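Participant: Structure below; questions to follow.
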Amino acid sequence: MKKIFLLSVVFLSLAFSSFSFTWNYSTPEEHGIDSKVIQKVYADLKNKDVRSCIVIKDEKIISEYYKPGYNKNSIFSLQSVSKSITSALIGIAIDQGLIKSVDDPAYIYCPQLANAKNPVMKTITVKQLLNHTSGLLGTDSKIWNQWRNSSDWIEYILSRPMTATPGTFFEYSTGNTHLLAAILENVYRKKLQKIAEEQLFSKIGITSASCGTGPEGVGDGGNGFSMTAYDMARFGQLYCNMGKWEGKQIIPESWVKESTKVQARRPSTGSRYGYQWWIRNYGKNGYDGYCAQGFGGEFIFVVPKIKLIVVFTSWYMGDTTFYYLDANAIADSFTPDQKR
């Protein structure tokens with residue numbers, strides 16, 4: 001009986017070990033950040049439908065803002081921030097040997113692509129889905145509503161003519177990420193939300209997340225995750241820590257590095273893209289960093305060099321430039337000597 005009891009204690013401690021992390025709080029000045037800069041950011045946010053902003057430095061929440069009616073328990077639709085979560089799950093699946101390589105043809109892992117009538121579609125690689133160079137018809141344009149209202153999102157994409165030779169042209173498309181979600185569900189033989197819970201969320205203490213599905217039943221990995229801003233910050237912190245959480249490697253460090261380096265560029269603007277992350281430099285010092293970005297103003301900015309994360313949730317349809325300017329201003333205000 002004593003042995004059973006001890007085993008039960010061990011099991012419970014393992015089951016709940018991922019929840020031992022809790023956010024600690026501090027002040028901006030304690031971490032070399034100018035609080036006046038943050039307060040100016042917040043003052044500007046009041047004129048826009050920005051619902052929350054959390055600033056994390058050195059793994060501590062140093063400031064947070066909520067529009068009236070919202071708080072740390074509010075659930076927000078991540079929109080395309082979902083893509084970065086799906087990318088993380090692809091990296092984990094590769095590490096587990098369920099996907100051999102990003103250079104493999106995607107049809108090997110995706111029955112829908114394997115059955116595509118256009119033979120060129122069978123040459124599309126996993127990498128080309130990740131960096132939006134698949135050549136498939138882009139969904140994030142004038143056809144967005146038609147695509148989302150169709151009875152089968154995957155069939156809709158694969159029944160349309162391709163727009164480019166795979167690997168030759170960047171076209172941002174949620175359809176590419178939806179195919180990555182289909183790959184994950186096929187290799188794990190589980191629904192996307194279950195995969196995310198088992199392989200990622202439960203290991204870093206994300207408890208508020210849910211994921212919608214497309215009409216054909218595949219998880220909406222490109223646009224469908226929801227969670228609190230606090231849990232978004234956990235995901236950002238995981239990447240800032242190179243995929244490690246409380247001493248355990250959750251996402252391979254190599255995948256974090258590959259995902260957040262330049263894998264493609266948007267032709268019209270030169271914007272740099274990794275594997276479902278946007279690549280940027282921050283502040284006057286040009287700190288290397290990246291961000292997950294969603295429609296309406298969902299952002300997770302990550303600046304690993306100075307251990308800075310800035311999370312926004314919004315439903316703002318105007319120019320998104322100010323989010324980047326705000327993240328830059330906070331990064332610019334960092335003065336190492338100011339830290340006590």
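Following the order of the structure tokens, chains are lettered A, B, ..., residues in each are numbered from 1, and ligands are numbered from 1.
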Region 81-295 of chain A: which residues are strand (DSSP E or B) by DSSP, as a ChimeraX atom specification?
Facilitator: /A:105,125,210-211,213,219,225-227,244-245,248-249,264-265,272-273,278-282,287-294
Participant: So that I can check the surroundings of Asp104 (chain A), please list as number ranges by chain every protein, DNA and RNA residue that reaches within 7 Å of it, counting only C-alpha atoms and ignoring chain neighbours fewer than 3 positions away.
Facilitator: A: 101, 125-126
Participant: Quick one: write out the picked residues with all heavy atoms as a PDB file, in the first residue's frame?
Facilitator:
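Final file, selection-v7.pdb:
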ATOM      1  N   SER A 101      11.718  15.374 -42.391  1.00  0.00           N
ATOM      2  CA  SER A 101      12.458  16.575 -42.750  1.00  0.00           C
ATOM      3  C   SER A 101      11.518  17.606 -43.360  1.00  0.00           C
ATOM      4  O   SER A 101      10.508  17.243 -43.987  1.00  0.00           O
ATOM      5  CB  SER A 101      13.557  16.237 -43.765  1.00  0.00           C
ATOM      6  OG  SER A 101      14.112  17.396 -44.347  1.00  0.00           O
ATOM      7  N   THR A 125       6.905  21.007 -50.691  1.00  0.00           N
ATOM      8  CA  THR A 125       7.550  20.468 -49.496  1.00  0.00           C
ATOM      9  C   THR A 125       6.915  21.039 -48.222  1.00  0.00           C
ATOM     10  O   THR A 125       6.215  22.053 -48.254  1.00  0.00           O
ATOM     11  CB  THR A 125       9.052  20.795 -49.481  1.00  0.00           C
ATOM     12  OG1 THR A 125       9.216  22.216 -49.385  1.00  0.00           O
ATOM     13  CG2 THR A 125       9.747  20.259 -50.729  1.00  0.00           C
ATOM     14  N   VAL A 126       7.214  20.397 -47.121  1.00  0.00           N
ATOM     15  CA  VAL A 126       6.767  20.901 -45.816  1.00  0.00           C
ATOM     16  C   VAL A 126       7.330  22.308 -45.607  1.00  0.00           C
ATOM     17  O   VAL A 126       6.639  23.213 -45.120  1.00  0.00           O
ATOM     18  CB  VAL A 126       7.209  19.945 -44.682  1.00  0.00           C
ATOM     19  CG1 VAL A 126       6.851  20.533 -43.313  1.00  0.00           C
ATOM     20  CG2 VAL A 126       6.593  18.567 -44.859  1.00  0.00           C
TER      21      VAL A 126
END
Participant: If I take CA of Ala229 (chain A) and CA of Ile204 (chain A), how far is one from the other in Å, to one decimal?
Facilitator: 14.4 Å
Participant: State, in Å with one decimal place, the distance from CA of Lys46 (chain A) to CA of Ser314 (chain A).
Facilitator: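 Going from CA of Lys46 (chain A) over to CA of Ser314 (chain A) covers 11.4 Å.
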Participant: Of the candidates A:Ser80, A:Gln96, A:Thr168, A:Gln112, which one gets nearest to Ser134 (chain A) if we count only C-alpha atoms?
Facilitator: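 Among the listed residues, the smallest separation from Ser134 (chain A) belongs to A:Thr168.
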Participant: Go ahead and compute the interatomic distance for CA of Ile85 (chain A) and CA of Lys284 (chain A), in Å to one decimal.
Facilitator: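 Here the two named atoms are 29.1 Å from each other.
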Participant: Can you work out which one of A:Phe21, A:Ala164, A:Phe322, A:Val81 has the shortest atom-to-atom distance to Trp278 (chain A), counting only C-alpha atoms?
Facilitator: A:Val81
Participant: With only C-alpha atoms as the basis for distance, which of A:Gly236, A:Gly243, A:Gly91, A:Gly224 is at the shortest distance from Phe295 (chain A)?
Facilitator: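 Checking each candidate against Phe295 (chain A), we get A:Gly224 as the closest.
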Participant: Of the candidates A:Asp95, A:Glu197, A:Asp220, A:Asp58, which one gets nearest to Pro252 (chain A) if we count only C-alpha atoms?
Facilitator: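 Using only C-alpha atoms, the shortest distance to Pro252 (chain A) belongs to A:Asp95.
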Participant: Which residues of region 75-161 of chain A have any atom within 12 Å of an atom in region 298-302 of chain A when counting only C-alpha atoms, and what is the closest pair of atoms for each, with the distance in Å to one decimal? Order the rows by chain and rising number and write it as a Markdown table.
Facilitator:
| residue | atom | partner | partner_atom | distance |
| --- | --- | --- | --- | --- |
| A:Phe76 | CA | A:Glu298 | CA | 8.7 |
| A:Ser77 | CA | A:Glu298 | CA | 8.2 |
| A:Leu78 | CA | A:Glu298 | CA | 6.0 |
| A:Gln79 | CA | A:Glu298 | CA | 7.2 |
| A:Ser80 | CA | A:Glu298 | CA | 8.0 |
| A:Val81 | CA | A:Glu298 | CA | 6.8 |
| A:Ser82 | CA | A:Glu298 | CA | 10.0 |
| A:Lys83 | CA | A:Phe299 | CA | 11.8 |
| A:Ser84 | CA | A:Ile300 | CA | 9.8 |
| A:Ile85 | CA | A:Ile300 | CA | 11.4 |
Participant: Can you tell me, as a list in words, what residues are no more than 9 Å from Ser151 (chain A) when counting only C-alpha atoms, ignoring any on the same chain fewer than 3 positions away?
Facilitator: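 Non-adjacent residues within range: Trp147, Arg148, Glu155, Tyr156, Gly214, Pro215 and Glu216 of chain A.
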Participant: Would you pick out the contacts of Thr174 (chain A) at 7 Å or less, using only C-alpha atoms, so that residues sharing its chain but fewer than 5 positions from it are not included, and give the list as a list in words?
Facilitator: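 Neighbouring residues, sequence-local ones excluded: Thr139, Asp140 and Gly222 of chain A.
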Participant: Go ahead and write the selection's residues with N, CA and C atoms as a PDB file, in the first residue's frame.
Facilitator:
ATOM      1  N   THR A 139      -4.993  32.371 -49.830  1.00  0.00           N
ATOM      2  CA  THR A 139      -6.342  32.538 -49.279  1.00  0.00           C
ATOM      3  C   THR A 139      -6.548  33.888 -48.612  1.00  0.00           C
ATOM      4  N   ASP A 140      -5.456  34.592 -48.287  1.00  0.00           N
ATOM      5  CA  ASP A 140      -5.579  35.826 -47.517  1.00  0.00           C
ATOM      6  C   ASP A 140      -5.637  37.040 -48.443  1.00  0.00           C
ATOM      7  N   GLY A 222      -4.146  27.843 -38.662  1.00  0.00           N
ATOM      8  CA  GLY A 222      -3.680  29.119 -39.190  1.00  0.00           C
ATOM      9  C   GLY A 222      -4.360  30.319 -38.595  1.00  0.00           C
TER      10      GLY A 222
END
Participant: Can you list every residue in region 122-164 of chain A that DSSP puts in alpha helix (DSSP H), as a PyMOL selection string?
Facilitator: chain A and resi 126-130+144-148+153-158
Participant: Output C-alpha atoms for every residue in that selection, as a short mmCIF file (atom, residue, chain, number, x, y, z; two decimals), in the first residue's frame.
Facilitator:
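part_13.cif written:
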data_model
loop_
_atom_site.label_atom_id
_atom_site.label_comp_id
_atom_site.auth_asym_id
_atom_site.auth_seq_id
_atom_site.Cartn_x
_atom_site.Cartn_y
_atom_site.Cartn_z
CA VAL A 126 6.77 20.90 -45.82
CA LYS A 127 9.22 23.81 -45.84
CA GLN A 128 7.33 25.57 -48.61
CA LEU A 129 4.14 25.38 -46.57
CA LEU A 130 6.01 26.77 -43.57
CA TRP A 144 -10.88 35.01 -48.04
CA ASN A 145 -14.66 34.97 -47.52
CA GLN A 146 -15.28 32.47 -50.31
CA TRP A 147 -12.62 30.19 -48.88
CA ARG A 148 -13.86 30.43 -45.29
CA TRP A 153 -11.13 24.43 -46.98
CA ILE A 154 -8.53 21.94 -48.20
CA GLU A 155 -10.54 20.84 -51.24
CA TYR A 156 -11.12 24.48 -52.12
CA ILE A 157 -7.38 25.21 -52.21
CA LEU A 158 -6.37 22.05 -54.04
#
Participant: Applying 9 Å and only C-alpha atoms, which residues near Asn328 (chain A) remain after dropping the ones on its own chain fewer than 5 positions away? List them as a ChimeraX atom specification.
Facilitator: /A:281-284,323,333
Participant: Smallest atom-to-atom distance to Lys194 (chain A): which of A:Ala182, A:Ile54, A:Met227, A:Cys211, using only C-alpha atoms?
Facilitator: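 Of A:Ala182, A:Ile54, A:Met227, A:Cys211, the one nearest Lys194 (chain A), counting only C-alpha atoms, is A:Cys211.
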Participant: Pick out the residues sitting within 12 Å of Ile99 (chain A), and hand them over as a ChimeraX atom specification; count only C-alpha atoms, and ignore anything fewer than 2 positions along from it in its own chain.
Facilitator: /A:89-97,101-110,125-127,180,183-188
Participant: Would you save the residues from that selection as a short mmCIF file (atom, residue, chain, number, x, y, z; two decimals), in the first residue's frame, using N, CA, C and O atoms?
Facilitator:
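The resulting file, selection39.cif, is shown below:
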data_model
loop_
_atom_site.label_atom_id
_atom_site.label_comp_id
_atom_site.auth_asym_id
_atom_site.auth_seq_id
_atom_site.Cartn_x
_atom_site.Cartn_y
_atom_site.Cartn_z
N LEU A 89 4.53 23.09 -33.28
CA LEU A 89 4.10 21.68 -33.25
C LEU A 89 4.76 20.89 -34.38
O LEU A 89 5.08 19.71 -34.20
N ILE A 90 4.97 21.52 -35.53
CA ILE A 90 5.69 20.86 -36.61
C ILE A 90 7.11 20.54 -36.18
O ILE A 90 7.64 19.43 -36.41
N GLY A 91 7.76 21.48 -35.52
CA GLY A 91 9.12 21.25 -35.02
C GLY A 91 9.18 20.10 -34.03
O GLY A 91 10.13 19.30 -34.06
N ILE A 92 8.20 20.02 -33.16
CA ILE A 92 8.15 18.93 -32.18
C ILE A 92 7.94 17.60 -32.89
O ILE A 92 8.57 16.59 -32.56
N ALA A 93 7.06 17.58 -33.91
CA ALA A 93 6.80 16.35 -34.66
C ALA A 93 8.05 15.87 -35.40
O ALA A 93 8.32 14.66 -35.48
N ILE A 94 8.83 16.80 -35.92
CA ILE A 94 10.10 16.43 -36.57
C ILE A 94 11.05 15.84 -35.54
O ILE A 94 11.71 14.82 -35.78
N ASP A 95 11.14 16.47 -34.39
CA ASP A 95 12.03 15.99 -33.33
C ASP A 95 11.64 14.58 -32.88
O ASP A 95 12.51 13.77 -32.52
N GLN A 96 10.36 14.27 -32.94
CA GLN A 96 9.88 12.95 -32.53
C GLN A 96 9.94 11.92 -33.65
O GLN A 96 9.58 10.77 -33.45
N GLY A 97 10.39 12.34 -34.83
CA GLY A 97 10.53 11.41 -35.96
C GLY A 97 9.25 11.15 -36.72
O GLY A 97 9.24 10.30 -37.63
N SER A 101 11.72 15.37 -42.39
CA SER A 101 12.46 16.58 -42.75
C SER A 101 11.52 17.61 -43.36
O SER A 101 10.51 17.24 -43.99
N VAL A 102 11.86 18.88 -43.21
CA VAL A 102 11.07 19.92 -43.87
C VAL A 102 11.21 19.85 -45.38
O VAL A 102 10.40 20.42 -46.12
N ASP A 103 12.24 19.17 -45.85
CA ASP A 103 12.46 19.05 -47.29
C ASP A 103 11.67 17.92 -47.92
O ASP A 103 11.68 17.77 -49.15
N ASP A 104 10.99 17.13 -47.12
CA ASP A 104 10.13 16.06 -47.66
C ASP A 104 8.93 16.64 -48.40
O ASP A 104 8.39 17.68 -47.98
N PRO A 105 8.48 15.97 -49.47
CA PRO A 105 7.22 16.39 -50.08
C PRO A 105 6.09 16.27 -49.04
O PRO A 105 5.98 15.28 -48.32
N ALA A 106 5.28 17.31 -48.96
CA ALA A 106 4.24 17.35 -47.93
C ALA A 106 3.20 16.25 -48.12
O ALA A 106 2.58 15.80 -47.14
N TYR A 107 3.00 15.77 -49.37
CA TYR A 107 1.95 14.77 -49.61
C TYR A 107 2.21 13.47 -48.86
O TYR A 107 1.28 12.71 -48.58
N ILE A 108 3.48 13.20 -48.52
CA ILE A 108 3.82 11.98 -47.78
C ILE A 108 3.04 11.94 -46.47
O ILE A 108 2.65 10.86 -46.00
N TYR A 109 2.80 13.10 -45.89
CA TYR A 109 2.16 13.18 -44.58
C TYR A 109 0.73 13.71 -44.64
O TYR A 109 0.08 13.83 -43.61
N CYS A 110 0.27 13.99 -45.84
CA CYS A 110 -1.04 14.63 -45.99
C CYS A 110 -1.85 13.93 -47.08
O CYS A 110 -1.60 14.15 -48.28
N THR A 125 6.90 21.01 -50.69
CA THR A 125 7.55 20.47 -49.50
C THR A 125 6.91 21.04 -48.22
O THR A 125 6.21 22.05 -48.25
N VAL A 126 7.21 20.40 -47.12
CA VAL A 126 6.77 20.90 -45.82
C VAL A 126 7.33 22.31 -45.61
O VAL A 126 6.64 23.21 -45.12
N LYS A 127 8.58 22.51 -45.99
CA LYS A 127 9.22 23.81 -45.84
C LYS A 127 8.48 24.89 -46.60
O LYS A 127 8.30 26.02 -46.11
N LEU A 180 -0.61 22.36 -42.99
CA LEU A 180 0.30 21.92 -41.92
C LEU A 180 -0.49 21.30 -40.77
O LEU A 180 -0.07 20.29 -40.18
N ILE A 183 -1.40 17.87 -41.76
CA ILE A 183 -0.24 16.99 -41.60
C ILE A 183 -0.09 16.55 -40.15
O ILE A 183 0.10 15.36 -39.86
N LEU A 184 -0.19 17.48 -39.23
CA LEU A 184 -0.06 17.16 -37.81
C LEU A 184 -1.13 16.16 -37.37
O LEU A 184 -0.85 15.18 -36.67
N GLU A 185 -2.36 16.40 -37.79
CA GLU A 185 -3.44 15.49 -37.39
C GLU A 185 -3.24 14.10 -37.97
O GLU A 185 -3.59 13.09 -37.34
N ASN A 186 -2.65 14.03 -39.16
CA ASN A 186 -2.42 12.72 -39.77
C ASN A 186 -1.28 11.97 -39.09
O ASN A 186 -1.41 10.77 -38.81
N VAL A 187 -0.18 12.64 -38.79
CA VAL A 187 0.97 11.93 -38.21
C VAL A 187 0.73 11.57 -36.75
O VAL A 187 1.24 10.56 -36.26
N TYR A 188 -0.04 12.39 -36.03
CA TYR A 188 -0.34 12.08 -34.63
C TYR A 188 -1.62 11.26 -34.48
O TYR A 188 -1.87 10.69 -33.42
#
Participant: For Gly289 (chain A), please output as a ChimeraX atom specification all residues within 12 Å (counting only C-alpha atoms; exclusion window: fewer than 4 positions along the same chain).
Facilitator: /A:236,239-240,256-257,259-262,272-274,277-283,285,300-310,324,327-328,331
Participant: Which residue is closest to Ala233 (chain A)? Choose from A:Ile38, A:Ile250, A:Val120, A:Val55 and count only C-alpha atoms.
Facilitator: A:Val55
